[in-house]
Structures are given as structure tokens and as C-alpha cells.
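Q: Below is one structure. I have some questions about it.
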Amino acid sequence: METTTDGKIKMPRVAKVKNKMAAPVQITAEQLLREAKERELELVPPPPKQKISDPEELADYRMRKRKMFEDNIRKNRSVMTNWIKYAQWEESQKEIQRARSIWERALDVDHRNITLWLKYAEMEMRCRQVNHARNIWNRAVMVLPRANQFWYKFTYMEEMLGNIAGARQVFERWVEWEPEEQAWHSYINFELRYKELDRARTIYEKFVLVHPEVKNWIKYAKFEEKNGYINSARSIYERSVEFFGEDNISEQLLVAFAKFEEAQREHDRARVIYKYALDHLPKEHCEEVYKHYTVHEKKFGSRAAIEDVIVSKRRFKYEEEVKINPMNYDAWFDYLRLLESDGNMEQIRDTYERAIANIPPSQVKRHWRRYIYLWINYALYEELEAEDPERTREVFKACLDIIPHKKFTFAKIWLMMAQFEIRQRNLNGARKVLGTAIGKCPKNKLFRGYIELELSLREFDRCRLLYQKFLEFSPENCTTWMKYAELETILGDIERARAILELAINQPRLDMPEVLWKSYIDFETDQEEYDNARKLYKRLLERTQHVKVWISRAKFELSVPEDNALDNARAVYRAGNKALQNTPDKEERLLLLEAWLALEEEAGTDQSKSEVEKLMPQKIKKRRKIQTEDGLDAGWEEYFDYIFPDEESAKPNLKLLSLAKKWKEEKEKTESTEISAS
């Protein structure tokens, strides 16, 4: 590159390409390679062959080759390839002593190179120098005892030479270093080739202690089983189970043990092993055990045994479900139902205790509704299945202690506990339970349950006291008032019942006032106090002008056994029609007139019927705008309106409607005449 006067480097000029068009003849890389192949440009000519005709030329050739090898070694002593090639060349020249010298020099450079030792020993074996080879193998295993290739080659050489004792001695030296599993298997197979079963057994004893894996114990046991030593194999399985203990027991080992017993037709032993596995293994590791246990029982077991296996499998499934989500109460119910069919009382009680320990974290009643049935089932089990009343009482008390009664309660628990005490003939205990419930957390259901109890015992004075407390707690409950009055009626105290109903209808707030009034009226009717019933209707109509009240009163008048009952009913309908003239809901007045018309059609005359028909309204279809909540127009809708004859504003409309109706009839008559004439 050139430099300018100021010292900067001057870049060479690049010639511009004038014609950038594609060349007419395109040459590809593939074409260039093909042409090179055709012309054999890549081939290197082989070196010329040299023929050696006398010892001098041979000595000269050897000297040149040795000089070349020595130069290569001198340049880089650490490259073992140069040493190996040098030694192999000397071996090819039958210069074994020189080759040994080269191998020894190479080992001085890198005595940990496995390839050097292997090729050195292989050279001695090829030259049938057994003692030299043995010497090299001894040195190799002393220098690199963890190199398994040396031991394998050494033992193989001794065995091929027929030196069985020497090979065994090498194996003994090898296993003293506690090598990997394959080395032990090689030693065992070596002894088995020469039918030395006792020696192989001794090796297995050492092997399972050096490598105490489950598979090695199983191999040891299968070795004994294969050779017909059944008791010895069983002893090995038992020792292995003791060796691992309950904390480290293996599913694979127990399955193999059980299958061994099954093969020996010891089915009872196999069942014991399977059950031991299910009892001591973690639940997540029992899948294979269940599988093989089920297959075994299907082959050799009874129906009860098969069902027992299935129950165990389902128990494992439920254990997994409740372990994943302890608040899954449905899984607890299924699990407990399964256990109750099995009949193991201690296990059932333990599972119930585990289930009820999962208290819902929130104090919202809907979260407790499913949970509380665990306590109910627990108490029923203790009472009916275990027949232990003391534990049943403790379960109920523990349940009541857990429920947050200030937030909510469960009347079912209180009532069930009271019923349990009655079954135990402890009436005072039942009353005490219900009294505590009413004092701590009064509820309608508790009052009703307590009253039903006292009614069944015919303790009417207690029932009166309970009704009084119930009405003090919930005075708006019409059902309670009616039940109280019904009780007094049954007891024959009519005045007391009437006073209760009178007091009830005067309450400021009632949940079902119409039902209460009807009950009071029915009460007076049943007592044949018709005047009192009429007074009640009059008082009720002063409070409400509902059409159903008018219709009910008219029907009442019809039901009264008097001669003028029909006239009284008509009078009620007339008064009702007059009272409902100004009601905004015209359909109520229409309902009243329809009920009156039905009465006249059934028991009236034509004159009375026509009187009602004249009062019936005209039905007119109208349209009105629809407005949304925002005040926007949403179109039009059609509806029916009723125009009664006695409405002053309706008279012009009625006249117009009658004229339109008359015109329509005349038009239809004219059209029919024209059609008949044509």
C-alpha cells in the first residue's frame, strides 16, 4: 500500500465494472469439480516402491526409518501416536527387544495412558510372550486399578491359557477395589462356567453388600431359585426386606418376592407380602402392588379376596384425593362409606377424626353446609354401628363447640342431639339441649322442633310457653300464630284461640297476612259464628279492596246455610262492583263481574243474568309508546283496554263503537248478497 505525504494510508483504486450483464456462458462450482475429477487434478501419485536386495540396503533403510521416528519423537514427545507407530514398526521388523524398549520409553513419558498399556500387552500376547504379558498386566492394574479394560483383558488371557486359578486370583484382586456391578457379574459368570456354585454364592454375598441396590438382591434370589435352592432364595428375599427396613422398603422388591411365592404356589405367603406392601409403602408407590395383587387374586383368590383388593385400591384412590385437597368433603364421604363397609372400627374412627379436622376457613354458612354432615354421619355411626352412646354424646358436643353460633348455627344438630337423648330415655337432657339452643341461637326450626317434642309428650302447658317465646322472637310469623290458635282449638279453648287470632291480625308486620285473615275467618266459620265472620270481612275490606276478598266474601255468603244466601252474595258483588269503579286496574273489576256472571249462570235467572251482562265492559285494542329506563322511545306496543258502561267519559266512545259495529255488519251483509247474486 502507498502512503500520502501526511502519513495516511492510500487505498488502491478498484477498477469499475463497465458491463454488469450476465456472462453468455455460465460456469458453476459443480462444473469445475467435475472437470477437475475428469483431469485427475486431485490425485497424488503414490510413492515409488523400493526393493531391498541385500543386508546393507536393509540396514540403511532401517537406519533411515529409525532416524525419522526418533526425529518425530524428539520434536514432540507427548504425541503418543509417534511412539505407537515406532514400536509397531519395530515389531513388524521382528525387533521385539527394540519394540519393548520403545514401549518402556513411552510409558516413562505417560504412564497413565491406557492405550499404551493395552497395545504393549497385546504385542507380547501376539508374540506368545505370556510371562512378559502377565508382567505388563500386573504393572498396569497396579498403576491404574480403576481402568476396567486391564482387568477384563488380564482375566480373559488367563482363562484362555487355562490358568483358572490365576484368573480367579486376578478377579479376587479386582473385587477388592469394589468395582462397578458389571465386574462382579463377570466374576460370577466366570465361576458359573466352571460349575462353582458355592464360589458364585460367596461372590453374591459380597456383591449385595458392596452394591446394595434392590435389583442386585433380586438377582441374587433369582440365582438361587434358578439353581433349585428355593429355601435359600426365600431367605435372601427375607434378608433383603430386613436390610432395607420399613423406612426404605421398595415396591419392586416386594412385588418380586410375592411373585416368587406365587411361582412356588405359596399363595397365602404372597397375599401376606402384598398386604405388607400396602400397609408399609407410601400410597403414591402402591400402583404396581395393586396391579399385581389384583391379578394374583383373580387367578388364585376367592370372591371375598378379590373384593378386598378392589376395596384397598379404592381406599388408595380416596387417600390420594383427600391428600391433594383436604377440603373435598365429597371425597371424605365416599372414603368413609367404603371404610364402613369394611368394618374396621378403629380405622373408621381415625378417618372420621381426620375428616372433621378440616374445618372450613371462612365463617360463611354455605361453606359449612357440606362439612357439617361429616359430624352428623360420625354421630350416627357411633350410635347405630358402634353402639357407643357416650362417644355419640361427645361427638355432638364437640360439633356444637366448633360451630360459630354468633354468626350462624345449624338447627339440625341441636334437634338430632335432642332426639338422641330421647332415644337414650334422657328427657331432661333433651329439654336442656333445646333450651340451650333457643337461648343461645333462636331459630324458627328450633322452636318448631321443641314444640313438636312437647306435643308428642302431651305437655300442653310447655307448648303454650314455647309458643309465647316463639311469638316474642318472631311476631311476624303468621304460621306460628295459626298453629298456636289451632292448638287451643284442639284443646277446646275457643275464646283463647279467638284472642290469639285477634292479636295476630293486629300485628303491624306480617309475612302472610292474607293467609292469617283467611284462617281467622275459617275459624269463625267452623264455629258457625257467621256474624263474626262477616265482621272480619268488613274489617278486612276496610284495609284492602282486593278483588279476591270480594269474591271470597261472596262465596262465603253462598256457603252460609240461610234462605237469602244468594241475595246476600249478589249484594256483595254489587257492593264490590261499586267499590272497584275507581280502581286503576280495570282487570280486577272484570274478574269480579266474571265471577258474578258465573254465579248467575249457575243459580240465577235470565233477568239477573242480563243485569250483569249490561255491566260487562267493551274490550278495545289500543297502542302506546314504549320508553326505556333512560327515557328514550323504543317503539309502540298494543294492549287491551276495558270501557265500562257506567263510565261518563266512555259514553261517546261507546256510541262510536256501536255505530262502527253496525256499519261493519251492514257491509258484510251487502258483500254476502253480491256474492250470492253473482
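Order determines the names: the first chain of the C-alpha cells is A, the second B, and so forth; residues in each chain are numbered 1 upward, and ligands are numbered 1 upward as they are shown.
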So that I can check the secondary structure, give me every residue of segment 71-232 of chain A assigned helix (DSSP H, G or I) by backbone DSSP, as a PyMOL selection string.
A: chain A and resi 71-75+80-92+96-109+114-126+130-143+148-160+164-175+181-193+197-210+214-226+230-232
Q: Excluding Asn358 of chain A and residues on its chain fewer than 4 positions from it, collect all residues at most 10 Å away from it, counting only C-alpha atoms, and give them as a list in words.
A: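 Residues near the query, excluding close chain neighbours: Pro326, Met327, Asn328, Tyr329, Glu353, Arg354 and Tyr371 of chain A.
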Q: Find the residues near Gln527 of chain A: any atom within 9 Å, counting only C-alpha atoms, skip ones fewer than 4 places away on the same chain, and give them as a list in words.
A: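 In the requested format, the answer is Ile494, Asp522 and Phe523 of chain A.
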Q: So which residues touch Lys65 of chain A within 10 Å, counting only C-alpha atoms, skipping near sequence neighbours fewer than 6 positions away, as number ranges by chain?
A: A: 59, 71, 86, 89-90
Q: Keeping only all heavy atoms, write those residues as a JSON list (two decimals), in the first residue's frame.
A:
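Wrote out_14.json, looks like this:
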```
[["chain", "number", "residue", "atom", "x", "y", "z"],
["A", 59, "ALA", "N", 19.84, -52.51, 6.21],
["A", 59, "ALA", "CA", 20.34, -51.76, 7.37],
["A", 59, "ALA", "C", 20.21, -50.27, 7.14],
["A", 59, "ALA", "O", 19.86, -49.51, 8.05],
["A", 59, "ALA", "CB", 21.78, -52.17, 7.65],
["A", 71, "ASP", "N", 13.36, -38.53, 15.17],
["A", 71, "ASP", "CA", 13.19, -37.09, 14.96],
["A", 71, "ASP", "C", 11.77, -36.64, 15.32],
["A", 71, "ASP", "O", 11.57, -35.59, 15.95],
["A", 71, "ASP", "CB", 13.49, -36.74, 13.49],
["A", 71, "ASP", "CG", 14.97, -36.86, 13.16],
["A", 71, "ASP", "OD1", 15.77, -36.84, 14.12],
["A", 71, "ASP", "OD2", 15.31, -36.97, 11.98],
["A", 86, "TYR", "N", 6.14, -46.15, 16.04],
["A", 86, "TYR", "CA", 7.54, -46.56, 16.12],
["A", 86, "TYR", "C", 7.64, -47.98, 16.65],
["A", 86, "TYR", "O", 8.30, -48.85, 16.05],
["A", 86, "TYR", "CB", 8.28, -45.59, 17.03],
["A", 86, "TYR", "CG", 9.79, -45.71, 17.00],
["A", 86, "TYR", "CD1", 10.46, -46.57, 16.10],
["A", 86, "TYR", "CD2", 10.58, -44.96, 17.89],
["A", 86, "TYR", "CE1", 11.85, -46.66, 16.10],
["A", 86, "TYR", "CE2", 11.97, -45.04, 17.89],
["A", 86, "TYR", "CZ", 12.59, -45.91, 16.99],
["A", 86, "TYR", "OH", 13.97, -46.02, 16.97],
["A", 89, "TRP", "N", 6.31, -50.53, 14.20],
["A", 89, "TRP", "CA", 7.23, -50.75, 13.07],
["A", 89, "TRP", "C", 8.36, -51.69, 13.48],
["A", 89, "TRP", "O", 8.74, -52.60, 12.72],
["A", 89, "TRP", "CB", 7.80, -49.41, 12.61],
["A", 89, "TRP", "CG", 8.74, -49.56, 11.44],
["A", 89, "TRP", "CD1", 8.42, -49.71, 10.14],
["A", 89, "TRP", "CD2", 10.17, -49.61, 11.52],
["A", 89, "TRP", "NE1", 9.55, -49.84, 9.36],
["A", 89, "TRP", "CE2", 10.64, -49.79, 10.20],
["A", 89, "TRP", "CE3", 11.08, -49.51, 12.57],
["A", 89, "TRP", "CZ2", 12.02, -49.87, 9.91],
["A", 89, "TRP", "CZ3", 12.44, -49.59, 12.26],
["A", 89, "TRP", "CH2", 12.90, -49.77, 10.96],
["A", 90, "GLU", "N", 8.89, -51.49, 14.68],
["A", 90, "GLU", "CA", 9.94, -52.38, 15.16],
["A", 90, "GLU", "C", 9.42, -53.81, 15.29],
["A", 90, "GLU", "O", 10.13, -54.78, 14.99],
["A", 90, "GLU", "CB", 10.47, -51.89, 16.51],
["A", 90, "GLU", "CG", 11.25, -50.60, 16.46],
["A", 90, "GLU", "CD", 12.60, -50.73, 15.76],
["A", 90, "GLU", "OE1", 12.95, -51.86, 15.36],
["A", 90, "GLU", "OE2", 13.28, -49.70, 15.60]]
```
Q: A:Val547, A:Ala200, A:Arg265, A:Ala575: which is nearest Leu591 of chain A, counting only C-alpha atoms?
A: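 The closest residue to Leu591 of chain A is A:Val547.
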Q: Counting only C-alpha atoms, what is within 12 Å of Glu124 of chain A, bar same-chain residues fewer than 3 positions away, as a PDB file with N, CA, C and O atoms, in the first residue's frame?
A:
```
ATOM      1  N   ALA A  87       6.938 -48.284  17.746  1.00  0.00           N
ATOM      2  CA  ALA A  87       7.007 -49.611  18.341  1.00  0.00           C
ATOM      3  C   ALA A  87       6.405 -50.657  17.411  1.00  0.00           C
ATOM      4  O   ALA A  87       6.944 -51.777  17.270  1.00  0.00           O
ATOM      5  N   GLN A  88       5.275 -50.319  16.764  1.00  0.00           N
ATOM      6  CA  GLN A  88       4.665 -51.288  15.852  1.00  0.00           C
ATOM      7  C   GLN A  88       5.559 -51.555  14.636  1.00  0.00           C
ATOM      8  O   GLN A  88       5.604 -52.679  14.121  1.00  0.00           O
ATOM      9  N   GLU A  91       8.125 -53.925  15.744  1.00  0.00           N
ATOM     10  CA  GLU A  91       7.535 -55.268  15.835  1.00  0.00           C
ATOM     11  C   GLU A  91       7.427 -55.895  14.459  1.00  0.00           C
ATOM     12  O   GLU A  91       7.671 -57.102  14.282  1.00  0.00           O
ATOM     13  N   ILE A  96      11.702 -57.387  18.526  1.00  0.00           N
ATOM     14  CA  ILE A  96      10.834 -57.369  19.701  1.00  0.00           C
ATOM     15  C   ILE A  96      11.500 -56.621  20.852  1.00  0.00           C
ATOM     16  O   ILE A  96      10.857 -55.862  21.584  1.00  0.00           O
ATOM     17  N   GLN A  97      12.825 -56.835  20.996  1.00  0.00           N
ATOM     18  CA  GLN A  97      13.540 -56.195  22.098  1.00  0.00           C
ATOM     19  C   GLN A  97      13.510 -54.686  21.935  1.00  0.00           C
ATOM     20  O   GLN A  97      13.329 -53.938  22.892  1.00  0.00           O
ATOM     21  N   ALA A  99      11.290 -53.040  20.238  1.00  0.00           N
ATOM     22  CA  ALA A  99       9.902 -52.600  20.454  1.00  0.00           C
ATOM     23  C   ALA A  99       9.602 -52.457  21.941  1.00  0.00           C
ATOM     24  O   ALA A  99       8.967 -51.490  22.380  1.00  0.00           O
ATOM     25  N   ARG A 100      10.074 -53.433  22.750  1.00  0.00           N
ATOM     26  CA  ARG A 100       9.868 -53.324  24.192  1.00  0.00           C
ATOM     27  C   ARG A 100      10.505 -52.046  24.724  1.00  0.00           C
ATOM     28  O   ARG A 100       9.937 -51.350  25.573  1.00  0.00           O
ATOM     29  N   TRP A 103       8.321 -49.139  23.934  1.00  0.00           N
ATOM     30  CA  TRP A 103       7.132 -49.093  24.796  1.00  0.00           C
ATOM     31  C   TRP A 103       7.491 -48.608  26.199  1.00  0.00           C
ATOM     32  O   TRP A 103       6.759 -47.796  26.785  1.00  0.00           O
ATOM     33  N   TRP A 117      -0.545 -49.141  27.461  1.00  0.00           N
ATOM     34  CA  TRP A 117      -0.508 -50.416  28.180  1.00  0.00           C
ATOM     35  C   TRP A 117      -1.201 -51.516  27.384  1.00  0.00           C
ATOM     36  O   TRP A 117      -0.701 -52.653  27.287  1.00  0.00           O
ATOM     37  N   LEU A 118      -2.378 -51.207  26.833  1.00  0.00           N
ATOM     38  CA  LEU A 118      -3.118 -52.219  26.087  1.00  0.00           C
ATOM     39  C   LEU A 118      -2.327 -52.716  24.875  1.00  0.00           C
ATOM     40  O   LEU A 118      -2.191 -53.925  24.643  1.00  0.00           O
ATOM     41  N   LYS A 119      -1.787 -51.777  24.087  1.00  0.00           N
ATOM     42  CA  LYS A 119      -1.060 -52.189  22.882  1.00  0.00           C
ATOM     43  C   LYS A 119       0.255 -52.887  23.236  1.00  0.00           C
ATOM     44  O   LYS A 119       0.698 -53.815  22.523  1.00  0.00           O
ATOM     45  N   TYR A 120       0.883 -52.474  24.331  1.00  0.00           N
ATOM     46  CA  TYR A 120       2.112 -53.120  24.776  1.00  0.00           C
ATOM     47  C   TYR A 120       1.836 -54.578  25.141  1.00  0.00           C
ATOM     48  O   TYR A 120       2.502 -55.514  24.671  1.00  0.00           O
ATOM     49  N   ALA A 121       0.787 -54.802  25.950  1.00  0.00           N
ATOM     50  CA  ALA A 121       0.460 -56.165  26.360  1.00  0.00           C
ATOM     51  C   ALA A 121      -0.027 -57.005  25.177  1.00  0.00           C
ATOM     52  O   ALA A 121       0.287 -58.199  25.062  1.00  0.00           O
ATOM     53  N   CYS A 127       3.152 -62.134  20.327  1.00  0.00           N
ATOM     54  CA  CYS A 127       4.452 -62.793  20.207  1.00  0.00           C
ATOM     55  C   CYS A 127       4.556 -64.012  21.133  1.00  0.00           C
ATOM     56  O   CYS A 127       5.658 -64.577  21.293  1.00  0.00           O
ATOM     57  N   ARG A 128       3.433 -64.355  21.807  1.00  0.00           N
ATOM     58  CA  ARG A 128       3.354 -65.513  22.687  1.00  0.00           C
ATOM     59  C   ARG A 128       4.347 -65.410  23.853  1.00  0.00           C
ATOM     60  O   ARG A 128       4.850 -66.415  24.345  1.00  0.00           O
ATOM     61  N   GLN A 129       4.596 -64.197  24.283  1.00  0.00           N
ATOM     62  CA  GLN A 129       5.447 -63.971  25.452  1.00  0.00           C
ATOM     63  C   GLN A 129       4.519 -63.806  26.662  1.00  0.00           C
ATOM     64  O   GLN A 129       4.215 -62.698  27.115  1.00  0.00           O
ATOM     65  N   VAL A 130       4.053 -64.948  27.177  1.00  0.00           N
ATOM     66  CA  VAL A 130       2.998 -64.934  28.196  1.00  0.00           C
ATOM     67  C   VAL A 130       3.482 -64.286  29.483  1.00  0.00           C
ATOM     68  O   VAL A 130       2.786 -63.457  30.089  1.00  0.00           O
ATOM     69  N   ASN A 131       4.651 -64.645  29.918  1.00  0.00           N
ATOM     70  CA  ASN A 131       5.148 -64.085  31.176  1.00  0.00           C
ATOM     71  C   ASN A 131       5.354 -62.586  31.063  1.00  0.00           C
ATOM     72  O   ASN A 131       5.080 -61.839  31.999  1.00  0.00           O
ATOM     73  N   HIS A 132       5.895 -62.158  29.910  1.00  0.00           N
ATOM     74  CA  HIS A 132       6.036 -60.710  29.700  1.00  0.00           C
ATOM     75  C   HIS A 132       4.660 -60.021  29.743  1.00  0.00           C
ATOM     76  O   HIS A 132       4.504 -58.946  30.355  1.00  0.00           O
ATOM     77  N   ALA A 133       3.689 -60.647  29.058  1.00  0.00           N
ATOM     78  CA  ALA A 133       2.340 -60.051  29.045  1.00  0.00           C
ATOM     79  C   ALA A 133       1.746 -60.010  30.451  1.00  0.00           C
ATOM     80  O   ALA A 133       1.143 -59.010  30.868  1.00  0.00           O
ATOM     81  N   ARG A 134       1.922 -61.109  31.208  1.00  0.00           N
ATOM     82  CA  ARG A 134       1.415 -61.145  32.577  1.00  0.00           C
ATOM     83  C   ARG A 134       2.067 -60.044  33.415  1.00  0.00           C
ATOM     84  O   ARG A 134       1.412 -59.387  34.239  1.00  0.00           O
ATOM     85  N   ASN A 135       3.384 -59.865  33.208  1.00  0.00           N
ATOM     86  CA  ASN A 135       4.108 -58.823  33.936  1.00  0.00           C
ATOM     87  C   ASN A 135       3.538 -57.441  33.613  1.00  0.00           C
ATOM     88  O   ASN A 135       3.365 -56.585  34.488  1.00  0.00           O
ATOM     89  N   ILE A 136       3.256 -57.206  32.336  1.00  0.00           N
ATOM     90  CA  ILE A 136       2.713 -55.892  31.928  1.00  0.00           C
ATOM     91  C   ILE A 136       1.327 -55.670  32.546  1.00  0.00           C
ATOM     92  O   ILE A 136       1.023 -54.584  33.043  1.00  0.00           O
ATOM     93  N   TRP A 137       0.482 -56.735  32.510  1.00  0.00           N
ATOM     94  CA  TRP A 137      -0.865 -56.578  33.093  1.00  0.00           C
ATOM     95  C   TRP A 137      -0.780 -56.308  34.595  1.00  0.00           C
ATOM     96  O   TRP A 137      -1.529 -55.475  35.118  1.00  0.00           O
ATOM     97  N   MET A 157      -7.098 -63.336  29.328  1.00  0.00           N
ATOM     98  CA  MET A 157      -5.859 -64.003  28.926  1.00  0.00           C
ATOM     99  C   MET A 157      -5.602 -65.240  29.783  1.00  0.00           C
ATOM    100  O   MET A 157      -5.285 -66.318  29.263  1.00  0.00           O
TER     101      MET A 157
END
```
Q: What is the distance between atom CA of His111 of chain A and atom CA of Trp83 of chain A, in Å to one decimal?
A: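 Between atom CA of His111 of chain A and atom CA of Trp83 of chain A the gap works out to 12.8 Å.
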Q: As a list in words, please: the residues near Lys365 of chain A (cut-off 10 Å, only C-alpha atoms, same-chain neighbours under 5 positions excluded).
A: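 Skipping anything fewer than 5 positions along the chain leaves Pro360, Arg370, Ile403, Pro404, Lys407, Phe408, Thr409 and Phe410 of chain A.
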Q: Could those selected residues go to a file with N, CA, C and O atoms, as a compact mmCIF listing (two decimals), in the first residue's frame?
A:
```txt
# COMPACT_ATOMS: atom_id res chain seq x y z
N PRO A 360 -63.80 -25.58 57.74
CA PRO A 360 -63.79 -24.53 56.71
C PRO A 360 -63.13 -23.26 57.25
O PRO A 360 -63.38 -22.84 58.38
N ARG A 370 -71.81 -28.54 53.75
CA ARG A 370 -71.38 -29.90 53.43
C ARG A 370 -70.54 -30.49 54.57
O ARG A 370 -70.63 -31.68 54.89
N ILE A 403 -69.06 -24.94 65.99
CA ILE A 403 -69.92 -24.05 65.19
C ILE A 403 -69.90 -22.64 65.78
O ILE A 403 -70.13 -22.47 66.98
N PRO A 404 -69.63 -21.61 64.98
CA PRO A 404 -69.67 -20.22 65.49
C PRO A 404 -71.11 -19.73 65.61
O PRO A 404 -71.66 -19.13 64.68
N LYS A 407 -72.37 -16.23 64.61
CA LYS A 407 -72.52 -15.93 63.18
C LYS A 407 -73.70 -16.69 62.59
O LYS A 407 -74.52 -16.13 61.86
N PHE A 408 -73.78 -17.97 62.87
CA PHE A 408 -74.85 -18.82 62.35
C PHE A 408 -74.86 -20.10 63.18
O PHE A 408 -73.95 -20.35 63.97
N THR A 409 -75.90 -20.88 62.98
CA THR A 409 -75.99 -22.18 63.66
C THR A 409 -76.68 -23.17 62.74
O THR A 409 -77.14 -22.81 61.64
N PHE A 410 -76.71 -24.42 63.18
CA PHE A 410 -77.39 -25.48 62.43
C PHE A 410 -78.42 -26.11 63.35
O PHE A 410 -78.07 -26.84 64.29
```
Q: I'd like the contact shell of Phe257 of chain A - 8 Å cut-off, only C-alpha atoms, skipping same-chain residues fewer than 5 positions apart - returned as a PyMOL selection string.
A: chain A and resi 234+237+270+273
Q: Could you save those same residues with all heavy atoms as a compact mmCIF listing (two decimals), in the first residue's frame?
A:
```
# COMPACT_ATOMS: atom_id res chain seq x y z
N ARG A 234 -35.82 -67.81 49.27
CA ARG A 234 -36.76 -67.16 50.20
C ARG A 234 -36.02 -66.45 51.32
O ARG A 234 -36.39 -65.34 51.73
CB ARG A 234 -37.71 -68.21 50.76
CG ARG A 234 -38.78 -67.64 51.67
CD ARG A 234 -39.75 -68.69 52.15
NE ARG A 234 -40.59 -69.16 51.07
CZ ARG A 234 -40.60 -70.40 50.60
NH1 ARG A 234 -39.77 -71.31 51.12
NH2 ARG A 234 -41.41 -70.76 49.62
N TYR A 237 -34.72 -63.14 50.06
CA TYR A 237 -35.78 -62.12 50.00
C TYR A 237 -36.09 -61.59 51.39
O TYR A 237 -36.26 -60.37 51.59
CB TYR A 237 -37.05 -62.72 49.38
CG TYR A 237 -37.05 -62.73 47.87
CD1 TYR A 237 -37.16 -63.92 47.16
CD2 TYR A 237 -36.96 -61.55 47.14
CE1 TYR A 237 -37.17 -63.94 45.77
CE2 TYR A 237 -36.98 -61.55 45.76
CZ TYR A 237 -37.08 -62.75 45.08
OH TYR A 237 -37.09 -62.75 43.71
N ALA A 270 -47.87 -65.11 49.46
CA ALA A 270 -47.92 -63.99 48.52
C ALA A 270 -48.91 -62.93 49.00
O ALA A 270 -48.63 -61.72 48.92
CB ALA A 270 -48.31 -64.50 47.14
N ILE A 273 -47.45 -60.86 51.75
CA ILE A 273 -46.45 -59.91 51.25
C ILE A 273 -47.15 -58.71 50.61
O ILE A 273 -46.76 -57.55 50.83
CB ILE A 273 -45.52 -60.61 50.24
CG1 ILE A 273 -44.69 -61.68 50.95
CG2 ILE A 273 -44.59 -59.60 49.58
CD1 ILE A 273 -43.97 -62.62 50.03
```
Q: So what do you get for atom CA of Leu466 of chain A versus atom CA of Asn426 of chain A, distance-wise?
A: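 The value is 20.0 Å.
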Q: Which residue out of A:Leu457, A:Ile500, A:Val210, A:Ala165 has the minimum interatomic distance to Phe190 of chain A when only C-alpha atoms are used?
A: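 Smallest distance to Phe190 of chain A is found for A:Ala165.
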